[in-house]
file protein16.cif (mmCIF, C-alpha atoms)
data_run
#
loop_
_atom_site.group_PDB
_atom_site.id
_atom_site.type_symbol
_atom_site.label_atom_id
_atom_site.label_comp_id
_atom_site.auth_asym_id
_atom_site.auth_seq_id
_atom_site.Cartn_x
_atom_site.Cartn_y
_atom_site.Cartn_z
ATOM 1 C CA MET R 1 0.000 0.000 0.000
ATOM 2 C CA THR R 2 1.440 3.364 -0.938
ATOM 3 C CA ARG R 3 1.925 6.057 1.682
ATOM 4 C CA THR R 4 -0.893 8.118 0.148
ATOM 5 C CA TYR R 5 -3.322 5.221 0.130
ATOM 6 C CA ALA R 6 -2.295 4.272 3.637
ATOM 7 C CA ALA R 7 -3.034 7.801 4.857
ATOM 8 C CA LEU R 8 -6.403 7.847 3.129
ATOM 9 C CA ALA R 9 -7.305 4.453 4.546
ATOM 10 C CA ALA R 10 -6.251 5.503 8.026
ATOM 11 C CA ALA R 11 -8.364 8.642 7.825
ATOM 12 C CA ALA R 12 -11.370 6.706 6.616
ATOM 13 C CA VAL R 13 -10.986 4.113 9.355
ATOM 14 C CA ALA R 14 -10.572 6.818 11.996
ATOM 15 C CA GLY R 15 -13.767 8.460 10.812
ATOM 16 C CA LEU R 16 -15.570 5.148 10.796
ATOM 17 C CA LEU R 17 -14.396 4.332 14.301
ATOM 18 C CA GLY R 18 -15.369 7.737 15.603
ATOM 19 C CA GLY R 19 -18.856 7.497 14.130
ATOM 20 C CA THR R 20 -19.276 3.930 15.295
ATOM 21 C CA ALA R 21 -18.133 4.732 18.819
ATOM 22 C CA LEU R 22 -20.516 7.670 19.042
ATOM 23 C CA TYR R 23 -23.433 5.634 17.756
ATOM 24 C CA ILE R 24 -22.628 2.803 20.147
ATOM 25 C CA PHE R 25 -22.370 5.203 23.084
ATOM 26 C CA LEU R 26 -25.769 6.680 22.334
ATOM 27 C CA GLN R 27 -27.363 3.241 21.986
ATOM 28 C CA GLN R 28 -25.767 1.343 24.842
ATOM 29 C CA GLY R 29 -28.356 1.459 27.660
ATOM 30 C CA ASP R 30 -27.691 -1.201 30.309
ATOM 31 C CA ASP R 31 -24.437 -3.005 29.615
ATOM 32 C CA ALA R 32 -24.134 -6.491 31.102
ATOM 33 C CA PHE R 33 -20.557 -6.734 29.784
ATOM 34 C CA ALA R 34 -19.197 -3.390 31.021
ATOM 35 C CA GLN R 35 -16.444 -5.028 33.093
ATOM 36 C CA CYS R 36 -15.156 -6.903 30.026
ATOM 37 C CA ARG R 37 -14.461 -3.922 27.817
ATOM 38 C CA GLY R 38 -11.014 -2.523 27.200
ATOM 39 C CA GLY R 39 -12.001 1.121 27.405
ATOM 40 C CA GLN R 40 -14.462 0.698 24.536
ATOM 41 C CA VAL R 41 -18.243 0.646 24.598
ATOM 42 C CA GLY R 42 -19.982 -2.147 22.698
ATOM 43 C CA GLY R 43 -23.489 -2.760 21.511
ATOM 44 C CA GLY R 44 -25.516 -0.790 19.015
ATOM 45 C CA ASP R 45 -26.602 -1.656 15.518
ATOM 46 C CA ILE R 46 -23.516 -3.563 14.344
ATOM 47 C CA GLY R 47 -23.561 -7.070 12.923
ATOM 48 C CA GLY R 48 -26.610 -9.017 11.890
ATOM 49 C CA ALA R 49 -27.732 -11.333 9.171
ATOM 50 C CA PHE R 50 -25.534 -12.217 6.209
ATOM 51 C CA THR R 51 -25.517 -14.779 3.416
ATOM 52 C CA LEU R 52 -22.111 -15.822 2.072
ATOM 53 C CA VAL R 53 -20.271 -18.791 0.555
ATOM 54 C CA ASP R 54 -18.013 -21.057 2.611
ATOM 55 C CA GLU R 55 -14.834 -22.881 1.633
ATOM 56 C CA THR R 56 -16.767 -25.840 0.220
ATOM 57 C CA GLY R 57 -18.824 -23.615 -2.075
ATOM 58 C CA ALA R 58 -21.960 -23.958 0.038
ATOM 59 C CA THR R 59 -24.175 -20.980 0.745
ATOM 60 C CA VAL R 60 -24.297 -20.250 4.471
ATOM 61 C CA THR R 61 -25.840 -17.659 6.751
ATOM 62 C CA ASP R 62 -24.704 -16.062 9.976
ATOM 63 C CA ALA R 63 -26.917 -18.556 11.828
ATOM 64 C CA ASP R 64 -24.877 -21.398 10.303
ATOM 65 C CA VAL R 65 -21.474 -19.881 11.086
ATOM 66 C CA LEU R 66 -21.732 -17.886 14.314
ATOM 67 C CA THR R 67 -22.831 -20.739 16.577
ATOM 68 C CA LYS R 68 -20.087 -20.123 19.160
ATOM 69 C CA PRO R 69 -18.286 -17.028 20.380
ATOM 70 C CA SER R 70 -16.675 -15.803 17.159
ATOM 71 C CA LEU R 71 -13.942 -13.391 16.118
ATOM 72 C CA VAL R 72 -15.031 -11.908 12.791
ATOM 73 C CA TYR R 73 -12.500 -10.178 10.542
ATOM 74 C CA PHE R 74 -12.932 -8.629 7.080
ATOM 75 C CA GLY R 75 -9.846 -8.848 4.851
ATOM 76 C CA TYR R 76 -8.484 -10.523 1.731
ATOM 77 C CA THR R 77 -5.953 -13.235 0.980
ATOM 78 C CA PHE R 78 -3.782 -11.132 -1.386
ATOM 79 C CA CYS R 79 -3.211 -8.604 1.400
ATOM 80 C CA PRO R 80 0.590 -8.259 1.723
ATOM 81 C CA ASP R 81 0.881 -7.674 5.468
ATOM 82 C CA VAL R 82 -2.032 -6.437 7.583
ATOM 83 C CA CYS R 83 -4.538 -9.248 6.994
ATOM 84 C CA PRO R 84 -2.210 -12.219 7.572
ATOM 85 C CA LEU R 85 -0.794 -10.578 10.695
ATOM 86 C CA ASP R 86 -4.245 -9.811 12.099
ATOM 87 C CA ALA R 87 -5.579 -13.248 11.202
ATOM 88 C CA ALA R 88 -2.559 -14.929 12.808
ATOM 89 C CA ARG R 89 -3.067 -12.809 15.943
ATOM 90 C CA ASN R 90 -6.730 -13.853 16.049
ATOM 91 C CA ALA R 91 -5.728 -17.499 15.641
ATOM 92 C CA GLU R 92 -3.286 -17.173 18.518
ATOM 93 C CA ALA R 93 -6.045 -15.700 20.685
ATOM 94 C CA VAL R 94 -8.229 -18.698 19.849
ATOM 95 C CA ASP R 95 -5.474 -21.062 21.009
ATOM 96 C CA ILE R 96 -5.059 -19.164 24.277
ATOM 97 C CA LEU R 97 -8.819 -19.249 24.814
ATOM 98 C CA GLU R 98 -8.818 -23.005 24.254
ATOM 99 C CA GLU R 99 -6.397 -23.271 27.190
ATOM 100 C CA PHE R 100 -8.943 -21.257 29.201
ATOM 101 C CA GLY R 101 -11.642 -23.750 28.228
ATOM 102 C CA VAL R 102 -13.392 -21.297 25.893
ATOM 103 C CA ASP R 103 -14.232 -22.538 22.376
ATOM 104 C CA VAL R 104 -14.086 -19.673 19.868
ATOM 105 C CA THR R 105 -14.437 -19.654 16.083
ATOM 106 C CA PRO R 106 -12.161 -17.349 14.058
ATOM 107 C CA VAL R 107 -13.982 -16.132 10.930
ATOM 108 C CA PHE R 108 -12.281 -14.491 7.935
ATOM 109 C CA ILE R 109 -14.657 -12.760 5.505
ATOM 110 C CA SER R 110 -13.156 -11.750 2.171
ATOM 111 C CA ILE R 111 -13.734 -8.260 0.822
ATOM 112 C CA ASP R 112 -12.115 -9.334 -2.482
ATOM 113 C CA PRO R 113 -14.576 -11.865 -3.960
ATOM 114 C CA GLU R 114 -13.122 -11.485 -7.453
ATOM 115 C CA ARG R 115 -9.941 -13.348 -6.436
ATOM 116 C CA ASP R 116 -10.970 -15.074 -3.207
ATOM 117 C CA THR R 117 -12.783 -18.135 -4.463
ATOM 118 C CA PRO R 118 -13.838 -20.862 -2.004
ATOM 119 C CA GLU R 119 -10.721 -22.830 -2.971
ATOM 120 C CA VAL R 120 -8.443 -19.867 -2.269
ATOM 121 C CA MET R 121 -10.154 -19.252 1.054
ATOM 122 C CA ALA R 122 -9.773 -22.905 2.040
ATOM 123 C CA GLU R 123 -6.025 -22.836 1.440
ATOM 124 C CA PHE R 124 -5.624 -19.517 3.262
ATOM 125 C CA THR R 125 -7.513 -20.516 6.407
ATOM 126 C CA GLU R 126 -5.983 -23.997 6.518
ATOM 127 C CA ASN R 127 -2.559 -22.407 6.803
ATOM 128 C CA LEU R 128 -3.684 -20.199 9.681
ATOM 129 C CA HIS R 129 -5.850 -22.312 11.995
ATOM 130 C CA PRO R 130 -7.879 -25.537 11.750
ATOM 131 C CA LYS R 131 -10.913 -23.803 13.274
ATOM 132 C CA MET R 132 -10.822 -20.775 11.004
ATOM 133 C CA VAL R 133 -13.835 -20.372 8.739
ATOM 134 C CA GLY R 134 -13.282 -18.594 5.431
ATOM 135 C CA LEU R 135 -16.220 -16.891 3.738
ATOM 136 C CA THR R 136 -16.569 -15.210 0.363
ATOM 137 C CA GLY R 137 -19.493 -14.697 -1.989
ATOM 138 C CA SER R 138 -20.783 -12.481 -4.732
ATOM 139 C CA PRO R 139 -19.841 -8.786 -4.658
ATOM 140 C CA GLU R 140 -23.394 -8.042 -3.518
ATOM 141 C CA GLN R 141 -23.254 -10.582 -0.678
ATOM 142 C CA VAL R 142 -19.880 -9.317 0.511
ATOM 143 C CA LYS R 143 -21.047 -5.704 0.391
ATOM 144 C CA ALA R 144 -24.142 -6.540 2.435
ATOM 145 C CA ALA R 145 -22.071 -8.333 5.100
ATOM 146 C CA SER R 146 -19.615 -5.443 5.226
ATOM 147 C CA GLN R 147 -22.419 -2.926 5.615
ATOM 148 C CA ALA R 148 -23.953 -4.984 8.415
ATOM 149 C CA TYR R 149 -20.694 -4.697 10.374
ATOM 150 C CA LYS R 150 -20.107 -1.113 9.226
ATOM 151 C CA THR R 151 -16.701 -1.905 7.744
ATOM 152 C CA PHE R 152 -14.880 0.015 5.047
ATOM 153 C CA TYR R 153 -13.152 -1.340 1.932
ATOM 154 C CA ARG R 154 -12.151 0.090 -1.438
ATOM 155 C CA LYS R 155 -10.346 -1.539 -4.327
ATOM 156 C CA GLN R 156 -7.356 0.461 -5.538
ATOM 157 C CA ASP R 157 -6.921 1.339 -9.184
ATOM 158 C CA GLY R 158 -4.108 -0.331 -11.067
ATOM 159 C CA ASP R 159 -3.183 -3.791 -12.244
ATOM 160 C CA PRO R 160 -6.345 -5.912 -12.663
ATOM 161 C CA ASP R 161 -4.628 -8.969 -11.192
ATOM 162 C CA PHE R 162 -2.324 -7.528 -8.533
ATOM 163 C CA TYR R 163 -4.414 -4.694 -7.103
ATOM 164 C CA LEU R 164 -4.610 -3.928 -3.384
ATOM 165 C CA VAL R 165 -7.713 -3.189 -1.321
ATOM 166 C CA ASP R 166 -7.894 -0.501 1.366
ATOM 167 C CA HIS R 167 -9.995 -1.674 4.305
ATOM 168 C CA SER R 168 -10.767 -1.280 7.983
ATOM 169 C CA THR R 169 -9.022 -3.702 10.331
ATOM 170 C CA PHE R 170 -11.271 -4.247 13.329
ATOM 171 C CA THR R 171 -11.999 -7.717 14.668
ATOM 172 C CA TYR R 172 -15.572 -8.144 15.896
ATOM 173 C CA LEU R 173 -16.625 -10.387 18.775
ATOM 174 C CA THR R 174 -20.050 -11.989 18.475
ATOM 175 C CA LEU R 175 -21.823 -14.247 20.959
ATOM 176 C CA PRO R 176 -24.561 -16.740 20.068
ATOM 177 C CA GLY R 177 -27.962 -15.457 21.069
ATOM 178 C CA VAL R 178 -26.515 -11.987 21.683
ATOM 179 C CA GLY R 179 -24.789 -10.915 18.470
ATOM 180 C CA PHE R 180 -22.062 -8.287 18.299
ATOM 181 C CA VAL R 181 -20.692 -7.251 21.708
ATOM 182 C CA ASP R 182 -17.311 -5.588 21.124
ATOM 183 C CA PHE R 183 -14.465 -5.005 18.688
ATOM 184 C CA PHE R 184 -10.691 -5.185 18.865
ATOM 185 C CA ARG R 185 -8.130 -2.863 17.348
ATOM 186 C CA ARG R 186 -4.929 -3.863 15.595
ATOM 187 C CA GLU R 187 -2.831 -2.925 18.617
ATOM 188 C CA ASP R 188 -4.672 -5.373 20.887
ATOM 189 C CA THR R 189 -2.478 -8.410 21.530
ATOM 190 C CA ALA R 190 -3.644 -12.011 21.396
ATOM 191 C CA GLU R 191 -3.342 -12.193 25.175
ATOM 192 C CA GLN R 192 -5.451 -9.056 25.669
ATOM 193 C CA MET R 193 -8.061 -10.355 23.262
ATOM 194 C CA ALA R 194 -8.222 -13.727 24.970
ATOM 195 C CA GLU R 195 -8.674 -12.155 28.398
ATOM 196 C CA ARG R 196 -11.538 -9.977 27.233
ATOM 197 C CA VAL R 197 -13.233 -12.688 25.178
ATOM 198 C CA ALA R 198 -13.099 -15.056 28.148
ATOM 199 C CA CYS R 199 -14.765 -12.365 30.258
ATOM 200 C CA PHE R 200 -17.552 -11.937 27.711
ATOM 201 C CA ALA R 201 -18.072 -15.689 27.376
ATOM 202 C CA SER R 202 -18.218 -16.096 31.148
ATOM 203 C CA ASN R 203 -20.757 -13.310 31.583
ATOM 204 C CA ALA R 204 -22.901 -14.589 28.722
ATOM 205 C CA SER R 205 -23.313 -18.056 30.235
#
call {"tool": "encode", "arguments": {"input": "protein16.cif", "output": "structure tokens"}}
result
Amino acid sequence: MTRTYAALAAAAVAGLLGGTALYIFLQQGDDAFAQCRGGQVGGGDIGGAFTLVDETGATVTDADVLTKPSLVYFGYTFCPDVCPLDAARNAEAVDILEEFGVDVTPVFISIDPERDTPEVMAEFTENLHPKMVGLTGSPEQVKAASQAYKTFYRKQDGDPDFYLVDHSTFTYLTLPGVGFVDFFRREDTAEQMAERVACFASNAS
């Protein structure tokens, strides 16, 4: 990603985060998970129904995928640095949580459906974690899922095969029967994520 594109992406993400945080704050009401948050306020109209395609080529919905506490990330497999690092961090958090006795599903949703076929997603997630679920779909399906989670992505101009995609980098925590409860920033470590996710899972049971 060029310096200019990186700056534009950072500004867009900062604006998105600011708007999301404000909306969440205004919508929060009673918060059963207040003690679990890392200085952030969760809740609000984030997350929801989606229809995508899994690594086998089957059409699935959020009800099929998000059956356990889940860490949901929007990225793409051609991403040169950010996505694999974030996905690996999320996978590490899942392993730490397993030691805590908490079963969590890491979910990677592609925002590059033109290149990220089910076969490509299967290879990508297999290299990261055996529990990781890779999802893609049509451009319309991906856009709808992204809008549900209020994420940002934009394909850069340039080479039709080797283009990059600017995108937000939050990881979203969802709980079955509850939905979205919080998000994690890039600077959150796997250990910090695991501690907070365990807190959420404990308070949800």
call {"tool": "closest_residue", "arguments": {"input": "protein16.cif", "among": "R:Gln156, R:Thr189, R:Thr117, R:Thr59", "to": "Ala91 of chain R", "atoms": "all atoms listed in the file"}}
result
R:Thr189
call {"tool": "resolve_selection", "arguments": {"input": "protein16.cif", "expression": "the PyMOL selection byres ((chain R and resi 113) around 7)", "output": "JSON, numbers by chain"}}
result
{"R": [110, 111, 112, 114, 115, 116, 117, 136, 137, 138, 139]}
call {"tool": "closest_residue", "arguments": {"input": "protein16.cif", "among": "R:Tyr149, R:Tyr76, R:Phe108, R:Phe180", "to": "His167 of chain R", "atoms": "only C-alpha atoms"}}
result
R:Tyr76
call {"tool": "atom_distance", "arguments": {"input": "protein16.cif", "atom1": "atom CA of Ala122 of chain R", "atom2": "atom CA of Phe200 of chain R"}}
result
29.0 Å
call {"tool": "resolve_selection", "arguments": {"input": "protein16.cif", "expression": "the PyMOL selection byres ((chain R and resi 56) around 8)", "output": "number ranges by chain"}}
result
R: 53-55, 57-58, 118-119, 122
call {"tool": "residues_around", "arguments": {"input": "protein16.cif", "residues": "Leu164 of chain R", "least_positions_apart": "5", "cutoff": "8 Å", "atoms": "all atoms listed in the file", "output": "number ranges by chain"}}
result
R: 1, 78-79, 155-156
call {"tool": "residues_near_point", "arguments": {"input": "protein16.cif", "point": "(-17.2, -7.4, 19.1)", "cutoff": "8 Å", "atoms": "only C-alpha atoms", "output": "list in words"}}
result
Gly42, Leu71, Thr171, Tyr172, Leu173, Thr174, Phe180, Val181, Asp182, Phe183 and Phe184 of chain R
